[in-house]
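Undergrad: So I've got this file, query33.cif, and it contains mmCIF, C-alpha atoms and all ligand atoms:
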```cif
data_start
loop_
_atom_site.label_atom_id
_atom_site.label_comp_id
_atom_site.auth_asym_id
_atom_site.auth_seq_id
_atom_site.Cartn_x
_atom_site.Cartn_y
_atom_site.Cartn_z
CA VAL A 1 -6.13 48.35 -26.43
CA GLN A 2 -9.00 46.02 -25.69
CA VAL A 3 -7.68 43.36 -27.99
CA SER A 4 -10.66 41.07 -27.47
CA GLU A 5 -12.89 43.83 -28.87
CA LEU A 6 -10.68 44.18 -31.92
CA ILE A 7 -10.81 40.42 -32.45
CA ALA A 8 -14.62 40.51 -32.23
CA LYS A 9 -14.76 43.49 -34.59
CA LYS A 10 -12.66 41.75 -37.21
CA GLN A 11 -14.54 38.46 -36.75
CA SER A 12 -17.73 40.20 -37.80
CA GLY A 13 -16.08 41.83 -40.80
CA GLY A 14 -15.43 45.28 -39.28
CA ILE A 15 -12.66 47.65 -40.35
CA LEU A 16 -9.87 48.38 -37.87
CA ALA A 17 -9.26 52.10 -37.29
CA PRO A 18 -5.76 53.48 -37.96
CA GLU A 19 -5.11 54.18 -34.26
CA GLU A 20 -6.30 50.68 -33.36
CA ILE A 21 -3.75 49.16 -35.74
CA ASP A 22 -0.98 51.41 -34.40
CA ARG A 23 -1.71 50.50 -30.79
CA LEU A 24 -2.05 46.82 -31.60
CA VAL A 25 1.30 46.64 -33.41
CA GLN A 26 3.02 48.68 -30.69
CA GLY A 27 1.47 46.59 -27.92
CA PHE A 28 2.36 43.31 -29.58
CA THR A 29 5.95 44.40 -30.23
CA ALA A 30 6.35 45.55 -26.61
CA GLY A 31 5.00 42.24 -25.32
CA ASP A 32 1.82 43.76 -23.87
CA VAL A 33 -0.44 41.97 -26.33
CA PRO A 34 0.07 38.23 -25.80
CA ASP A 35 0.63 35.78 -28.65
CA TYR A 36 -2.71 34.04 -28.03
CA GLN A 37 -4.67 37.21 -28.66
CA MET A 38 -2.59 38.16 -31.68
CA SER A 39 -3.06 34.63 -33.05
CA ALA A 40 -6.82 34.91 -32.70
CA LEU A 41 -6.80 38.27 -34.44
CA LEU A 42 -4.62 36.92 -37.25
CA MET A 43 -7.09 34.09 -37.76
CA ALA A 44 -9.99 36.56 -37.90
CA ILE A 45 -8.03 38.61 -40.46
CA TYR A 46 -7.29 35.43 -42.41
CA PHE A 47 -11.02 34.88 -42.92
CA GLN A 48 -12.24 38.49 -43.14
CA GLY A 49 -9.28 40.14 -44.88
CA LEU A 50 -7.85 43.63 -44.58
CA ASP A 51 -8.74 46.46 -46.94
CA ASN A 52 -6.09 48.57 -48.65
CA ASP A 53 -6.04 51.26 -45.94
CA GLU A 54 -5.80 48.74 -43.11
CA GLY A 55 -2.95 46.96 -44.90
CA ARG A 56 -1.05 50.20 -45.47
CA ARG A 57 -1.50 51.12 -41.84
CA PHE A 58 -0.04 47.77 -40.78
CA LEU A 59 2.92 48.59 -43.01
CA SER A 60 3.54 52.01 -41.47
CA ALA A 61 3.03 50.73 -37.92
CA MET A 62 5.52 47.91 -38.56
CA ILE A 63 8.13 50.29 -39.96
CA ALA A 64 7.58 52.58 -36.97
CA SER A 65 8.15 49.67 -34.55
CA GLY A 66 11.91 50.14 -35.07
CA ASP A 67 14.43 52.44 -36.74
CA ARG A 68 15.00 53.11 -40.39
CA MET A 69 18.61 52.61 -41.43
CA SER A 70 20.25 55.73 -42.74
CA LEU A 71 23.26 53.97 -44.37
CA LYS A 72 24.95 57.35 -44.78
CA SER A 73 28.28 55.88 -45.81
CA VAL A 74 26.74 53.83 -48.62
CA THR A 75 26.74 55.93 -51.73
CA GLY A 76 25.03 54.74 -54.88
CA PHE A 77 21.56 53.64 -55.81
CA LYS A 78 20.59 50.63 -53.68
CA VAL A 79 18.66 47.75 -55.23
CA ASP A 80 17.29 44.70 -53.40
CA LYS A 81 15.21 41.65 -54.27
CA HIS A 82 12.74 39.58 -52.29
CA SER A 83 10.45 36.63 -52.89
CA THR A 84 7.08 35.81 -51.37
CA GLY A 85 8.58 32.38 -50.68
CA GLY A 86 8.59 28.97 -52.24
CA VAL A 87 10.08 25.50 -51.94
CA GLY A 88 13.71 25.38 -53.09
CA ASP A 89 13.54 29.11 -53.80
CA LYS A 90 17.15 30.07 -53.26
CA THR A 91 17.66 32.81 -55.86
CA SER A 92 18.62 35.53 -53.33
CA LEU A 93 21.85 33.72 -52.46
CA ILE A 94 22.91 33.73 -56.12
CA VAL A 95 21.47 37.01 -57.35
CA ALA A 96 22.60 39.30 -54.49
CA PRO A 97 26.36 38.61 -54.74
CA VAL A 98 26.38 38.71 -58.55
CA VAL A 99 24.62 42.09 -58.60
CA ALA A 100 26.90 43.35 -55.81
CA ALA A 101 29.90 42.24 -57.91
CA ALA A 102 28.71 44.77 -60.52
CA GLY A 103 29.07 47.46 -57.84
CA ILE A 104 25.39 47.95 -56.96
CA PRO A 105 24.74 48.11 -53.19
CA VAL A 106 22.32 45.32 -52.18
CA PRO A 107 21.05 45.85 -48.60
CA MET A 108 19.29 42.54 -48.04
CA ILE A 109 17.07 42.06 -44.98
CA SER A 110 15.48 38.61 -45.27
CA GLY A 111 13.24 36.24 -43.36
CA ARG A 112 13.34 32.75 -41.88
CA ALA A 113 11.58 29.61 -43.05
CA LEU A 114 7.85 30.22 -43.19
CA GLY A 115 5.25 27.43 -43.24
CA HIS A 116 6.24 24.92 -45.92
CA THR A 117 8.76 27.31 -47.51
CA GLY A 118 12.41 27.99 -46.73
CA GLY A 119 13.93 31.31 -45.61
CA THR A 120 17.17 33.01 -46.59
CA LEU A 121 18.26 33.54 -42.96
CA ASP A 122 17.96 29.86 -42.03
CA LYS A 123 19.84 28.94 -45.20
CA LEU A 124 22.70 31.32 -44.44
CA GLU A 125 22.91 30.08 -40.86
CA SER A 126 23.70 26.60 -42.13
CA ILE A 127 27.16 28.06 -42.88
CA PRO A 128 29.15 27.68 -39.63
CA GLY A 129 29.75 31.04 -37.97
CA PHE A 130 27.55 33.06 -40.37
CA ARG A 131 25.86 35.83 -38.34
CA VAL A 132 22.70 37.42 -39.70
CA ARG A 133 21.69 39.40 -36.62
CA LEU A 134 23.92 42.37 -37.27
CA SER A 135 23.64 45.75 -35.59
CA GLU A 136 22.92 48.64 -37.91
CA ALA A 137 26.57 49.74 -37.73
CA GLU A 138 27.78 46.23 -38.63
CA PHE A 139 25.27 45.92 -41.48
CA GLU A 140 26.32 49.30 -42.87
CA ASP A 141 29.99 48.41 -42.59
CA VAL A 142 29.61 45.11 -44.50
CA LEU A 143 27.40 46.77 -47.11
CA GLN A 144 29.78 49.68 -47.60
CA ARG A 145 32.85 47.46 -47.94
CA HIS A 146 31.38 44.62 -49.98
CA SER A 147 28.32 46.14 -51.72
CA CYS A 148 26.03 43.59 -50.08
CA ALA A 149 25.06 42.53 -46.56
CA PHE A 150 22.59 39.91 -45.38
CA GLY A 151 20.61 40.95 -42.32
CA ALA A 152 17.59 40.03 -40.22
CA GLN A 153 14.80 41.80 -38.40
CA THR A 154 16.13 42.69 -34.92
CA ASP A 155 14.99 44.56 -31.81
CA ASP A 156 15.91 47.76 -33.65
CA LEU A 157 14.90 46.95 -37.20
CA VAL A 158 11.24 46.05 -37.83
CA PRO A 159 10.90 44.16 -34.51
CA ALA A 160 7.15 43.94 -35.21
CA ASP A 161 7.83 41.84 -38.31
CA ARG A 162 10.22 39.60 -36.40
CA LYS A 163 7.50 38.71 -33.92
CA LEU A 164 4.54 38.69 -36.27
CA TYR A 165 6.37 36.62 -38.89
CA ALA A 166 7.26 33.96 -36.31
CA LEU A 167 3.66 33.84 -35.10
CA ARG A 168 2.14 33.67 -38.59
CA ASP A 169 4.56 30.86 -39.38
CA VAL A 170 3.20 28.52 -36.70
CA THR A 171 -0.48 29.54 -36.83
CA ALA A 172 -1.07 28.92 -40.56
CA THR A 173 -1.82 32.59 -41.15
CA VAL A 174 0.89 33.46 -43.67
CA SER A 175 -1.51 33.54 -46.63
CA ILE A 176 -2.94 37.02 -46.06
CA PRO A 177 -1.86 39.17 -49.05
CA PRO A 178 -1.86 42.60 -47.32
CA LEU A 179 0.13 41.18 -44.41
CA ILE A 180 2.60 39.59 -46.83
CA ALA A 181 3.00 42.99 -48.50
CA ALA A 182 3.39 44.75 -45.13
CA SER A 183 5.91 42.16 -43.93
CA ILE A 184 8.07 42.37 -47.03
CA LEU A 185 7.89 46.12 -47.55
CA SER A 186 8.46 46.97 -43.87
CA LYS A 187 11.85 45.22 -44.12
CA LYS A 188 12.70 46.79 -47.47
CA ILE A 189 11.69 50.34 -46.50
CA ALA A 190 13.43 50.15 -43.12
CA GLU A 191 16.64 48.89 -44.77
CA GLY A 192 16.55 51.95 -47.05
CA THR A 193 16.67 50.37 -50.50
CA ASN A 194 15.94 52.67 -53.46
CA ALA A 195 14.52 49.99 -55.73
CA LEU A 196 13.18 46.46 -55.34
CA VAL A 197 12.75 43.46 -57.62
CA MET A 198 9.99 41.19 -56.33
CA ASP A 199 9.40 37.56 -57.16
CA VAL A 200 5.75 36.74 -56.44
CA LYS A 201 5.24 33.00 -56.49
CA VAL A 202 2.21 31.49 -58.18
CA GLY A 203 1.22 27.90 -57.42
CA GLU A 204 1.00 25.31 -54.66
CA GLY A 205 4.57 25.80 -53.46
CA GLY A 206 3.89 29.41 -52.44
CA PHE A 207 1.28 31.11 -50.27
CA LEU A 208 -1.18 32.56 -52.74
CA ARG A 209 -4.22 30.57 -53.72
CA SER A 210 -4.51 31.81 -57.27
CA GLN A 211 -2.84 33.89 -59.93
CA GLU A 212 -5.55 36.49 -59.32
CA GLU A 213 -4.46 36.81 -55.70
CA ALA A 214 -0.79 36.98 -56.78
CA GLU A 215 -1.66 39.80 -59.17
CA ARG A 216 -3.54 41.66 -56.45
CA LEU A 217 -0.54 41.35 -54.13
CA SER A 218 1.79 42.54 -56.90
CA LYS A 219 -0.20 45.72 -57.44
CA MET A 220 -0.13 46.37 -53.68
CA LEU A 221 3.64 45.92 -53.60
CA VAL A 222 4.14 48.36 -56.48
CA SER A 223 1.80 51.09 -55.24
CA TRP A 224 2.60 50.91 -51.50
CA SER A 225 6.34 51.05 -52.16
CA ALA A 226 5.98 53.94 -54.65
CA ALA A 227 4.36 55.96 -51.86
CA GLU A 228 7.60 55.40 -49.90
CA LYS A 229 9.75 56.35 -52.93
CA VAL A 230 10.91 52.80 -53.56
CA GLU A 231 10.64 51.77 -57.21
CA THR A 232 9.35 48.19 -57.33
CA VAL A 233 8.99 45.83 -60.27
CA VAL A 234 7.33 42.43 -59.82
CA PHE A 235 7.69 39.15 -61.68
CA GLY A 236 4.93 36.59 -61.15
CA THR A 237 6.71 33.22 -61.45
CA ASP A 238 5.79 29.57 -61.37
CA MET A 239 5.86 27.63 -58.07
CA SER A 240 4.11 24.45 -59.18
CA ALA A 241 7.28 22.43 -58.46
CA PRO A 242 10.31 22.93 -56.20
CA LEU A 243 12.91 25.22 -57.75
CA GLY A 244 16.30 23.71 -58.56
CA ARG A 245 17.96 20.47 -57.57
CA CYS A 246 17.79 20.71 -53.78
CA ALA A 247 15.49 21.89 -51.03
CA GLY A 248 16.42 22.34 -47.36
CA ASN A 249 18.83 24.82 -45.79
CA GLY A 250 22.33 23.31 -46.08
CA PRO A 251 21.60 21.47 -49.34
CA GLU A 252 20.34 24.70 -50.95
CA VAL A 253 23.43 26.62 -49.87
CA ALA A 254 25.58 23.85 -51.39
CA GLU A 255 23.61 24.14 -54.65
CA CYS A 256 24.03 27.95 -54.69
CA LEU A 257 27.77 27.80 -54.02
CA ASP A 258 28.05 25.35 -56.89
CA VAL A 259 26.10 27.65 -59.25
CA LEU A 260 28.23 30.63 -58.20
CA LYS A 261 31.46 28.65 -58.63
CA THR A 262 30.69 27.04 -61.98
CA GLY A 263 28.12 29.34 -63.57
CA THR A 264 26.03 26.27 -64.36
CA GLY A 265 23.15 24.45 -62.71
CA ASP A 266 19.45 23.73 -62.97
CA LYS A 267 18.01 25.44 -66.05
CA ARG A 268 14.92 27.00 -64.44
CA LEU A 269 16.90 28.20 -61.45
CA LEU A 270 19.46 29.88 -63.73
CA GLU A 271 16.74 31.39 -65.90
CA LEU A 272 14.97 32.90 -62.90
CA CYS A 273 18.23 34.26 -61.45
CA GLY A 274 18.99 35.83 -64.85
CA VAL A 275 15.58 37.51 -65.04
CA LEU A 276 15.63 38.84 -61.47
CA GLY A 277 19.32 39.79 -61.50
CA GLY A 278 18.96 41.38 -64.94
CA ALA A 279 16.13 43.57 -63.68
CA MET A 280 18.29 44.60 -60.70
CA LEU A 281 21.18 45.59 -62.99
CA TRP A 282 18.75 47.59 -65.14
CA LEU A 283 17.21 49.37 -62.10
CA GLY A 284 20.75 50.04 -60.86
CA LYS A 285 21.55 51.63 -64.25
CA ILE A 286 24.30 49.19 -65.12
CA ALA A 287 22.29 48.02 -68.15
CA LYS A 288 20.12 49.92 -70.62
CA ASP A 289 17.23 47.48 -70.42
CA MET A 290 16.29 44.21 -68.76
CA SER A 291 17.59 41.95 -71.49
CA ALA A 292 20.97 43.71 -71.51
CA GLY A 293 20.85 43.34 -67.71
CA ARG A 294 20.31 39.62 -68.04
CA ALA A 295 23.25 39.26 -70.44
CA GLU A 296 25.46 41.21 -68.03
CA PHE A 297 24.25 39.12 -65.09
CA GLU A 298 25.13 35.91 -66.91
CA LYS A 299 28.54 37.25 -67.83
CA ILE A 300 29.36 38.11 -64.20
CA LEU A 301 28.01 34.77 -62.99
CA ARG A 302 30.20 32.86 -65.46
CA SER A 303 33.27 34.91 -64.50
CA GLY A 304 33.15 33.59 -60.91
CA ASP A 305 33.05 37.13 -59.49
CA GLY A 306 29.72 36.36 -57.81
CA TYR A 307 31.36 33.46 -55.97
CA SER A 308 34.26 35.61 -54.75
CA LYS A 309 31.78 38.26 -53.68
CA PHE A 310 29.64 35.76 -51.75
CA CYS A 311 32.76 34.49 -49.94
CA GLU A 312 33.85 38.05 -49.08
CA ILE A 313 30.44 38.86 -47.57
CA ALA A 314 30.19 35.53 -45.73
CA ILE A 315 33.66 35.96 -44.21
CA ALA A 316 32.79 39.53 -43.19
CA GLN A 317 29.72 38.09 -41.43
CA GLY A 318 31.65 35.41 -39.53
CA ALA A 319 32.11 32.42 -41.88
CA ARG A 320 35.46 30.76 -42.60
CA GLY A 321 36.75 30.65 -46.17
CA THR A 322 37.77 27.00 -45.87
CA ASP A 323 34.18 26.05 -44.96
CA LEU A 324 32.87 27.79 -48.05
CA ASP A 325 35.32 26.09 -50.39
CA ASP A 326 34.44 22.73 -48.92
CA PHE A 327 30.89 23.37 -47.78
CA GLY A 328 29.71 19.80 -48.39
CA LYS A 329 31.74 18.72 -45.33
CA CYS A 330 29.88 21.20 -43.11
CA VAL A 331 26.45 19.69 -43.66
CA VAL A 332 26.94 15.92 -43.66
CA PRO A 333 23.63 14.32 -42.62
CA GLU A 334 23.46 11.34 -40.27
CA HIS A 335 20.71 9.72 -42.32
CA ARG A 336 20.09 9.43 -46.04
CA ARG A 337 17.14 7.74 -47.72
CA GLU A 338 16.74 7.02 -51.41
CA ILE A 339 13.28 7.41 -52.91
CA ARG A 340 12.91 5.11 -55.93
CA ALA A 341 10.43 4.82 -58.79
CA THR A 342 7.93 2.02 -58.21
CA ALA A 343 7.19 1.66 -61.94
CA ASP A 344 8.39 2.75 -65.39
CA GLY A 345 6.89 6.05 -66.51
CA ILE A 346 7.23 9.80 -66.58
CA LEU A 347 7.67 12.02 -63.55
CA ARG A 348 4.48 14.05 -63.94
CA ALA A 349 4.74 16.30 -60.89
CA ILE A 350 6.68 17.03 -57.74
CA GLN A 351 4.06 18.52 -55.43
CA PRO A 352 5.96 21.36 -53.75
CA ARG A 353 3.68 21.81 -50.76
CA GLU A 354 4.00 18.12 -49.83
CA VAL A 355 7.77 18.38 -50.23
CA GLY A 356 7.81 21.52 -48.07
CA TRP A 357 5.85 19.96 -45.21
CA GLY A 358 7.92 16.79 -45.58
CA LEU A 359 11.01 18.95 -45.08
CA VAL A 360 9.50 20.47 -41.95
CA ASP A 361 9.02 16.88 -40.68
CA LEU A 362 12.69 16.21 -41.43
CA GLY A 363 13.65 19.27 -39.34
CA ALA A 364 14.30 21.94 -41.99
CA GLY A 365 11.49 24.21 -40.71
CA ARG A 366 9.56 24.88 -37.51
CA ARG A 367 6.36 23.40 -36.09
CA THR A 368 6.44 25.76 -33.09
CA ALA A 369 8.14 29.13 -32.81
CA ASP A 370 11.13 27.91 -30.74
CA ASP A 371 11.93 24.76 -32.73
CA PRO A 372 15.60 24.46 -33.68
CA VAL A 373 16.34 23.93 -37.37
CA ASP A 374 18.50 21.08 -38.72
CA ALA A 375 20.90 22.52 -41.31
CA THR A 376 21.48 19.10 -42.88
CA ALA A 377 17.79 18.30 -43.42
CA GLY A 378 16.74 18.38 -47.05
CA VAL A 379 16.16 16.58 -50.29
CA GLU A 380 18.08 16.30 -53.53
CA PHE A 381 15.98 15.67 -56.62
CA ARG A 382 17.71 13.31 -59.03
CA LYS A 383 14.87 13.58 -61.57
CA GLN A 384 12.87 16.60 -62.64
CA VAL A 385 9.28 16.98 -63.81
CA GLY A 386 8.94 15.57 -67.35
CA ASP A 387 11.85 13.09 -67.04
CA SER A 388 11.30 9.46 -68.10
CA VAL A 389 12.14 6.99 -65.38
CA ARG A 390 12.57 3.24 -65.04
CA LYS A 391 11.31 1.19 -62.13
CA GLY A 392 13.96 1.28 -59.38
CA ASP A 393 15.56 4.57 -60.50
CA VAL A 394 16.42 6.95 -57.66
CA LEU A 395 14.01 9.89 -57.90
CA ALA A 396 15.26 11.79 -54.88
CA VAL A 397 17.41 11.42 -51.78
CA ALA A 398 16.08 12.69 -48.45
CA GLN A 399 18.52 13.50 -45.64
CA TRP A 400 18.50 14.65 -42.00
CA SER A 401 20.37 14.32 -38.70
CA GLY A 402 19.49 13.23 -35.20
CA SER A 403 16.59 11.05 -34.22
CA ARG A 404 13.21 12.57 -34.76
CA ASP A 405 9.86 10.84 -34.68
CA SER A 406 8.58 12.76 -37.66
CA ALA A 407 11.43 11.79 -40.02
CA GLU A 408 9.57 8.75 -41.39
CA SER A 409 6.51 10.80 -42.17
CA GLY A 410 8.77 13.38 -43.82
CA VAL A 411 10.26 10.77 -46.15
CA GLN A 412 6.77 9.49 -46.87
CA ARG A 413 5.41 12.91 -47.74
CA ILE A 414 8.30 13.57 -50.12
CA THR A 415 7.77 10.12 -51.67
CA GLN A 416 4.08 10.86 -52.20
CA ALA A 417 4.93 14.22 -53.72
CA MET A 418 6.63 12.50 -56.67
CA GLU A 419 3.83 11.60 -59.10
CA LEU A 420 4.53 9.06 -61.82
CA GLY A 421 2.30 8.45 -64.84
CA ASP A 422 2.26 7.54 -68.51
CA GLU A 423 1.43 10.89 -70.07
CA PRO A 424 3.95 13.75 -70.18
CA PRO A 425 2.86 16.71 -68.04
CA ALA A 426 1.64 19.93 -69.68
CA ALA A 427 4.46 22.44 -70.12
CA VAL A 428 4.40 25.27 -67.58
CA SER A 429 6.12 28.55 -68.28
CA LEU A 430 8.36 29.96 -65.57
CA LEU A 431 7.29 33.56 -66.12
CA LYS A 432 3.59 34.36 -65.63
CA PHE A 433 3.26 38.15 -65.42
CA TYR A 434 5.15 41.38 -64.89
CA CYS A 435 3.96 44.41 -62.95
CA ASP A 436 5.40 47.88 -62.46
CA GLY A 437 4.15 51.46 -62.13
CA ASP A 438 2.70 51.26 -65.65
CA GLY A 439 0.48 48.31 -64.81
CA LEU A 440 0.42 44.55 -65.16
CA LYS A 441 1.05 42.50 -68.26
CA GLN A 442 0.90 38.76 -68.89
CA PHE A 443 3.83 36.89 -70.44
CA GLU A 444 2.81 34.92 -73.53
N1 LIG A 501 8.22 36.91 -47.07
C1 LIG A 501 8.18 37.83 -46.09
O1 LIG A 501 9.15 38.50 -45.81
N2 LIG A 501 7.02 37.98 -45.42
C2 LIG A 501 5.92 37.27 -45.69
O2 LIG A 501 4.92 37.48 -45.05
C3 LIG A 501 5.98 36.31 -46.71
C4 LIG A 501 7.14 36.14 -47.40
#
```
Would you write the structure of this file as structure tokens?

TA:
Amino acid sequence: VQVSELIAKKQSGGILAPEEIDRLVQGFTAGDVPDYQMSALLMAIYFQGLDNDEGRRFLSAMIASGDRMSLKSVTGFKVDKHSTGGVGDKTSLIVAPVVAAAGIPVPMISGRALGHTGGTLDKLESIPGFRVRLSEAEFEDVLQRHSCAFGAQTDDLVPADRKLYALRDVTATVSIPPLIAASILSKKIAEGTNALVMDVKVGEGGFLRSQEEAERLSKMLVSWSAAEKVETVVFGTDMSAPLGRCAGNGPEVAECLDVLKTGTGDKRLLELCGVLGGAMLWLGKIAKDMSAGRAEFEKILRSGDGYSKFCEIAIAQGARGTDLDDFGKCVVPEHRREIRATADGILRAIQPREVGWGLVDLGAGRRTADDPVDATAGVEFRKQVGDSVRKGDVLAVAQWSGSRDSAESGVQRITQAMELGDEPPAAVSLLKFYCDGDGLKQFE
């Protein structure tokens, strides 16, 4: 392919032909199309967009870049979940083992940290020994034995997404709805799930500029996956503040283990897990409808079976049980910094995008594709949006390890993200809209 011609074509608003997309994705995956040309093309796509047919062709070319898993030994209707990504968005680590504890196979192929958001794979790798790059045989074995496995894109499984995802991450080209849909669905279709629950994030902490764009993406996810015989339901959910009490890889795993162990935790986090997990139990035919699914999810979570299941899976993927029971000791940071209120007032907002980029400065994400990630880097919020605070109260604690020049700016960004004022903030509902094969409806 003459990639420079394709870049020029897209720059001027042209439509890429199906064969051009196929050759481009193949060439990039094989290493024949260099990153600098792909980056330029991504930037042209960022500004000019992709139409529905171009987006679908990216999806099929990405699936075709590797193998589809057959998972012959895994009987039963497989159900997975995925999020478009947000700050503190850790629901997969809670929802997957709880749903697996009900006996539904959850074949979960996830991603790494992307832009200002975290990624399930980086979170899991903060557990010493946890391997996410499994061969297909290993993935199938863990899934068959434990009803859930956590895997990554590899040289065999959607290698095009592995490379493209890493490049979009560091070139500020994540926010392209058809490429988000192609990235997510290529992983889900190649892993062979039968149904999918999607969490599409709306607000500054995610990647979509508006609810309209989130709704457009949701319709794409539903219709493109239906064409591949995957039944997808989408929840549009709020991302105007970080989700839960912690953000950052190790700290989020600690929070999830605590939720799984005790069945309690941050209210919005638990509500979202209940909604997503309930929908999975309904799709997996364990519950007659979504609200019965949610009740069943909460029952399993409170029983501690989700915790035992997570430990089983983690041990099967290389972790040690003692590390899981005492995970706090595995991610002790070298530095901790308290962020305090400078006046009396009400915490009006925690700007998630600022927090996310602050976390990247602390080492929780990547500035360039080869950057290592610091498992201890993160922040614990001691106050949530709407809380009253007194001058001097600790609002949050930032943490990291090693010496890095950007750590100060990270602490500063997180400090600036915490907005104090006199007026209580307007209430924001967690659930915005729902979309399935019958269309899209708004929550009240
Ligand atoms: N999650 C993915 O897997 N891919 C994207 O492009 C964005 C979020």

Undergrad: Tell me which of A:Lys267, A:Pro352, A:Glu20, A:Gly118 sits closest to Asp169 of chain A, counting only C-alpha atoms.

TA: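 Closest residue, counting only C-alpha atoms: A:Gly118.
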
Undergrad: Which residues sit within 6 Å of ligand LIG 501 (chain A), counting all atoms listed in the file, listed as a PyMOL selection string?

TA: chain A and resi 84-85+111+174+180+183-184

Undergrad: Please list as number ranges by chain every residue within 6 Å of segment 274-278 of chain A, counting only C-alpha atoms and excluding residues in the same chain fewer than 5 positions away.

TA: A: 95, 290, 293-294, 297

Undergrad: Find the residues around segment 428-431 of chain A up to 10 Å (all atoms listed in the file counted), leave out those fewer than 2 positions away in its own chain, and share them as a PyMOL selection string.

TA: chain A and resi 201-202+235-241+268-269+271-272+275+425-426+433-434+442-444

Undergrad: Mind dumping the selected residues with C-alpha atoms as a PDB file, keeping the file's coordinate frame?

TA:
```
ATOM      1  CA  LYS A 201       5.240  33.000 -56.490  1.00  0.00           C
ATOM      2  CA  VAL A 202       2.210  31.490 -58.180  1.00  0.00           C
ATOM      3  CA  PHE A 235       7.690  39.150 -61.680  1.00  0.00           C
ATOM      4  CA  GLY A 236       4.930  36.590 -61.150  1.00  0.00           C
ATOM      5  CA  THR A 237       6.710  33.220 -61.450  1.00  0.00           C
ATOM      6  CA  ASP A 238       5.790  29.570 -61.370  1.00  0.00           C
ATOM      7  CA  MET A 239       5.860  27.630 -58.070  1.00  0.00           C
ATOM      8  CA  SER A 240       4.110  24.450 -59.180  1.00  0.00           C
ATOM      9  CA  ALA A 241       7.280  22.430 -58.460  1.00  0.00           C
ATOM     10  CA  ARG A 268      14.920  27.000 -64.440  1.00  0.00           C
ATOM     11  CA  LEU A 269      16.900  28.200 -61.450  1.00  0.00           C
ATOM     12  CA  GLU A 271      16.740  31.390 -65.900  1.00  0.00           C
ATOM     13  CA  LEU A 272      14.970  32.900 -62.900  1.00  0.00           C
ATOM     14  CA  VAL A 275      15.580  37.510 -65.040  1.00  0.00           C
ATOM     15  CA  PRO A 425       2.860  16.710 -68.040  1.00  0.00           C
ATOM     16  CA  ALA A 426       1.640  19.930 -69.680  1.00  0.00           C
ATOM     17  CA  PHE A 433       3.260  38.150 -65.420  1.00  0.00           C
ATOM     18  CA  TYR A 434       5.150  41.380 -64.890  1.00  0.00           C
ATOM     19  CA  GLN A 442       0.900  38.760 -68.890  1.00  0.00           C
ATOM     20  CA  PHE A 443       3.830  36.890 -70.440  1.00  0.00           C
ATOM     21  CA  GLU A 444       2.810  34.920 -73.530  1.00  0.00           C
TER      22      GLU A 444
END
```

Undergrad: One number please: atom CA of Ser225 of chain A to atom CA of Ile189 of chain A, in Å, one decimal.

TA: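 Separation of atom CA of Ser225 of chain A and atom CA of Ile189 of chain A: 7.8 Å.
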
Undergrad: Atom CA of Ile350 of chain A and atom CA of Trp400 of chain A, how far apart in Å?

TA: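 These two atoms are separated by 19.8 Å.
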
Undergrad: My list of candidates is A:Val33, A:Val331, A:Ala8, A:Leu283. Which is closest to Gln48 of chain A when distances are computed with all atoms listed in the file?

TA: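 Once distances to Gln48 of chain A are computed over all atoms listed in the file, the minimum belongs to A:Ala8.
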
Undergrad: May I have the residues within 6 Å of segment 59-75 of chain A as a list in words, using only C-alpha atoms and disregarding those fewer than 4 positions away in the same chain?

TA: Asp22, Glu140, Gln144, Asp156, Leu157, Val158, Ala160, Ala182, Ser186, Ala190 and Glu191 of chain A

Undergrad: With all atoms listed in the file as the atoms that count, which of A:Asp32, A:Pro18, A:Arg112, A:Asn52 lies nearest to Arg216 of chain A?

TA: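 For Arg216 of chain A, the nearest of the given residues is A:Asn52.
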
Undergrad: Pick out the closest residue to Asp161 of chain A from this set: A:Val142, A:Ile45, A:Glu252, A:Thr29. Count only C-alpha atoms.

TA: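 Going through A:Val142, A:Ile45, A:Glu252, A:Thr29 one by one, the smallest distance to Asp161 of chain A is for A:Thr29.
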
Undergrad: Would you compute the distance between atom CA of Val99 of chain A and atom CA of Gly250 of chain A? Give it in Å to one decimal.

TA: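 Going from atom CA of Val99 of chain A over to atom CA of Gly250 of chain A covers 22.7 Å.
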
Undergrad: Which residues are close to Ala113 of chain A, i.e. within 10 Å by all atoms listed in the file, leaving aside same-chain residues fewer than 3 positions away? Reply as a VMD selection string.

TA: chain A and resid 85 to 87 116 to 123 165 to 166 169 248 to 249 360 364 to 366 373

Undergrad: Find the residues with any atom within 9 Å of (-0.4, 45.4, -50.7); use all atoms listed in the file and the coordinates as given in the file, and write the answer as a list of chain:residue names.

TA: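 Every polymer residue passing the test: A:Asn52, A:Gly55, A:Arg56, A:Leu59, A:Pro177, A:Pro178, A:Leu179, A:Ile180, A:Ala181, A:Ala182, A:Leu185, A:Arg216, A:Leu217, A:Ser218, A:Lys219, A:Met220, A:Leu221, A:Val222, A:Ser223, A:Trp224, A:Ser225.
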
Undergrad: Nearest to Ser403 of chain A among A:Glu204, A:Glu5, A:Asp374, A:Asp53, with distances taken over all atoms listed in the file: which residue is it?

TA: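 Using all atoms listed in the file, Ser403 of chain A sits closest to A:Asp374.
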
Undergrad: Using all atoms listed in the file, can you tell me which of A:Ala214, A:Val397, A:Ile104, A:Ala247 comes closest to Arg336 of chain A?

TA: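 Using all atoms listed in the file, Arg336 of chain A sits closest to A:Val397.
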
Undergrad: For Glu338 of chain A, find every residue with an atom within 10 Å (counting only C-alpha atoms), except residues of its own chain fewer than 2 positions away, and show them as a VMD selection string.

TA: chain A and resid 336 340 to 341 379 to 380 382 393 to 399 411 415
